[in-house]
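Here's work23.txt, which has compact mmCIF, C-alpha atoms:
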```txt
# COMPACT_ATOMS: atom_id res chain seq x y z
CA MET Q 1 -6.62 38.65 -12.07
CA ASN Q 2 -4.43 36.40 -9.95
CA SER Q 3 -7.05 36.26 -7.19
CA ILE Q 4 -9.61 34.90 -9.67
CA PHE Q 5 -7.47 31.85 -10.25
CA ALA Q 6 -6.44 31.34 -6.60
CA GLY Q 7 -9.73 29.63 -5.77
CA MET Q 8 -9.42 27.47 -8.86
CA ARG Q 9 -5.90 26.39 -7.83
CA ILE Q 10 -7.16 25.48 -4.37
CA SER Q 11 -10.03 23.41 -5.79
CA ALA Q 12 -7.67 21.76 -8.29
CA SER Q 13 -5.32 20.77 -5.47
CA GLY Q 14 -8.26 19.23 -3.62
CA LEU Q 15 -9.27 17.31 -6.74
CA ALA Q 16 -5.76 15.90 -7.19
CA ALA Q 17 -5.45 14.95 -3.51
CA GLU Q 18 -8.86 13.24 -3.37
CA ARG Q 19 -8.19 11.40 -6.64
CA LEU Q 20 -5.01 9.94 -5.15
CA ARG Q 21 -6.93 9.05 -1.98
CA MET Q 22 -9.56 7.20 -4.06
CA ASP Q 23 -6.77 5.36 -5.92
CA ILE Q 24 -5.22 4.20 -2.64
CA ILE Q 25 -8.60 3.10 -1.27
CA SER Q 26 -9.26 1.16 -4.50
CA ASN Q 27 -5.86 -0.48 -4.13
CA ASN Q 28 -6.75 -1.48 -0.55
CA ILE Q 29 -10.00 -3.05 -1.74
CA ALA Q 30 -8.23 -4.85 -4.60
CA ASN Q 31 -5.77 -6.40 -2.14
CA ILE Q 32 -8.30 -7.48 0.48
CA GLU Q 33 -7.37 -11.16 -0.08
CA THR Q 34 -3.61 -10.72 -0.74
CA THR Q 35 -1.77 -12.92 1.75
CA ARG Q 36 1.70 -12.68 0.23
CA THR Q 37 3.39 -9.49 -0.97
CA GLU Q 38 6.87 -8.73 -2.32
CA ASN Q 39 7.97 -7.84 1.22
CA GLY Q 40 6.55 -11.08 2.58
CA GLY Q 41 3.44 -11.36 4.68
CA PRO Q 42 -0.05 -10.06 3.95
CA TYR Q 43 -0.90 -6.74 2.34
CA LYS Q 44 -0.97 -3.78 4.75
CA ARG Q 45 -3.72 -1.21 4.36
CA LYS Q 46 -2.51 2.19 3.14
CA ILE Q 47 -3.78 5.55 4.41
CA VAL Q 48 -3.33 8.94 2.71
CA THR Q 49 -2.70 12.00 4.88
CA PHE Q 50 -3.05 15.58 3.66
CA LYS Q 51 -1.56 18.86 4.80
CA GLU Q 52 -2.05 22.46 3.82
CA ASN Q 53 0.05 23.83 1.00
CA LEU Q 54 1.46 27.13 2.24
CA ASP Q 55 3.80 29.52 0.43
CA ARG Q 56 5.74 32.28 2.14
CA GLN Q 57 5.56 35.45 0.04
CA ILE Q 58 6.94 38.93 0.54
CA ASN Q 59 4.30 41.67 0.53
CA ASN Q 60 5.61 44.37 -1.85
CA ILE Q 61 3.86 47.17 0.05
CA SER Q 62 4.93 46.38 3.62
CA ASN Q 63 8.01 44.21 2.89
CA LYS Q 64 6.71 41.66 5.39
CA SER Q 65 6.47 37.99 4.63
CA GLU Q 66 3.03 36.45 4.58
CA LEU Q 67 1.80 32.89 4.39
CA LYS Q 68 -0.44 32.25 1.42
CA PHE Q 69 -2.75 29.23 1.38
CA ASN Q 70 -2.56 27.31 -1.90
CA GLY Q 71 -4.82 24.37 -1.14
CA VAL Q 72 -3.88 20.93 0.08
CA LYS Q 73 -1.25 18.40 -0.84
CA VAL Q 74 -0.60 14.80 0.01
CA ASP Q 75 1.63 14.66 3.06
CA LYS Q 76 2.28 10.92 3.28
CA ILE Q 77 0.98 7.53 2.32
CA ILE Q 78 1.40 5.44 5.44
CA GLU Q 79 0.79 1.80 6.25
CA ASP Q 80 -1.88 0.97 8.81
CA ASN Q 81 -0.26 -0.94 11.67
CA SER Q 82 -3.47 -2.48 12.97
CA PRO Q 83 -3.23 -6.26 13.47
CA PHE Q 84 -3.83 -8.72 10.66
CA LYS Q 85 -6.85 -11.02 10.74
CA LYS Q 86 -6.26 -14.71 11.39
CA VAL Q 87 -8.47 -17.04 9.37
CA TYR Q 88 -8.54 -20.80 9.74
CA ASN Q 89 -7.88 -22.30 6.32
CA PRO Q 90 -5.47 -25.28 6.52
CA ASN Q 91 -5.58 -25.80 2.73
CA HIS Q 92 -4.21 -22.33 1.96
CA PRO Q 93 -0.57 -22.27 0.79
CA ASP Q 94 0.27 -19.54 3.34
CA ALA Q 95 -1.27 -21.35 6.32
CA ASP Q 96 0.91 -21.81 9.39
CA ASN Q 97 1.37 -25.14 11.20
CA ASP Q 98 -1.94 -24.67 13.02
CA GLY Q 99 -3.83 -24.01 9.76
CA TYR Q 100 -4.26 -20.24 10.25
CA VAL Q 101 -3.64 -17.70 7.50
CA LEU Q 102 -2.79 -14.06 8.18
CA MET Q 103 -5.14 -11.92 6.11
CA PRO Q 104 -4.73 -8.19 5.30
CA ASN Q 105 -5.90 -5.60 7.82
CA VAL Q 106 -8.37 -4.21 5.26
CA ASN Q 107 -12.00 -3.90 6.36
CA ILE Q 108 -14.33 -3.48 3.38
CA LEU Q 109 -16.83 -1.42 5.42
CA ASN Q 110 -14.17 1.09 6.45
CA GLU Q 111 -12.88 1.29 2.89
CA MET Q 112 -16.35 1.92 1.48
CA VAL Q 113 -17.00 4.70 4.01
CA ASP Q 114 -13.61 6.25 3.15
CA LEU Q 115 -14.38 5.92 -0.57
CA ILE Q 116 -17.76 7.62 -0.18
CA THR Q 117 -16.14 10.42 1.85
CA ALA Q 118 -13.42 10.92 -0.76
CA THR Q 119 -16.00 10.89 -3.56
CA ARG Q 120 -18.11 13.53 -1.80
CA ALA Q 121 -15.04 15.71 -1.22
CA PHE Q 122 -14.09 15.31 -4.90
CA GLU Q 123 -17.62 16.30 -5.96
CA ALA Q 124 -17.54 19.34 -3.64
CA ASN Q 125 -14.29 20.49 -5.26
CA VAL Q 126 -15.79 20.03 -8.74
CA THR Q 127 -18.81 22.11 -7.71
CA ALA Q 128 -16.59 24.85 -6.27
CA LEU Q 129 -14.44 24.86 -9.41
CA ASN Q 130 -17.48 25.12 -11.67
CA SER Q 131 -18.89 27.97 -9.56
CA GLN Q 132 -15.59 29.84 -9.77
CA LYS Q 133 -15.53 29.31 -13.53
CA GLN Q 134 -19.08 30.67 -13.86
CA MET Q 135 -18.19 33.72 -11.75
CA ALA Q 136 -15.15 34.41 -13.93
CA LEU Q 137 -17.27 34.14 -17.08
CA LYS Q 138 -19.90 36.49 -15.63
CA ALA Q 139 -17.14 38.96 -14.71
CA LEU Q 140 -15.94 38.92 -18.31
CA GLU Q 141 -19.48 39.69 -19.51
CA ILE Q 142 -19.62 42.87 -17.39
CA GLY Q 143 -17.40 44.72 -19.85
CA LYS Q 144 -19.71 44.04 -22.81
```

For this file, produce the structure as structure tokens.
Amino acid sequence: MNSIFAGMRISASGLAAERLRMDIISNNIANIETTRTENGGPYKRKIVTFKENLDRQINNISNKSELKFNGVKVDKIIEDNSPFKKVYNPNHPDADNDGYVLMPNVNILNEMVDLITATRAFEANVTALNSQKQMALKALEIGK
């Protein structure tokens, strides 16, 4: 019975990871014009990195440890260190002496591509989860 739910746990971990990724991308888009943050300076784009979620388990039959894959998890949320954009706007309150404002390193095209990719991955995990649910229901009907 445990193996029936293993696939569901893996899909659920993918759903959670991609939801966080979509939240971070949305935050990047929302801050595309933020020139002053709490830390000072313009907003820095954030990037989510994933890694596999592995558990070491002891096999009761052979007494050897095995790695068991349990899906993905968020590894880190890092700041993109690409350079800020300089925009000439001498009337802006954050303009330097030459009239240039440092703008966030967020590119709307890149964010939209990342958002579409995350959405597709989320949808694929939903499809896999629904398929696993249907298979479990069909397996329960076998005994009738």

Quick one: everything within 12 Å of region 77-91 of chain Q, counting only C-alpha atoms, minus sequence neighbours fewer than 5 positions away in the same chain. Send it as a PyMOL selection string.
-> chain Q and resi 17+20-21+23-25+28+32-35+41-51+96-107

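Taking CA of Val72 (chain Q) and CA of Ala16 (chain Q) as the two end points, the separation is 9.0 Å.
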
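When the distance limit is 9 Å and only C-alpha atoms are what count, the residues near Ala118 (chain Q), minus those fewer than 5 positions from it on the same chain, are Glu18, Arg19, Arg21, Met22, Val113 and Glu123 of chain Q.
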
Excluding region 130-136 of chain Q and any residue of its chain fewer than 3 positions from it, enumerate the residues within 9 Å of it, using only C-alpha atoms, and give them as a list in words.
-> Ile4, Phe5, Gly7, Met8, Asn125, Val126, Thr127, Ala139, Leu140 and Glu141 of chain Q

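Here CA of Asp75 (chain Q) and CA of Ser26 (chain Q) stand 18.9 Å from one another.
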
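CA of Leu15 (chain Q) sits 19.3 Å away from CA of Asp55 (chain Q).
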
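Among Q:Arg120, Q:Lys138, Q:His92, Q:Lys73, the residue with the shortest atom-to-atom distance to Arg36 (chain Q), counting only C-alpha atoms, is Q:His92.
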
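Closest to Ile10 (chain Q) among Q:Asn27, Q:Thr119, Q:Asn70, Q:Thr37 is Q:Asn70, based on only C-alpha atoms.
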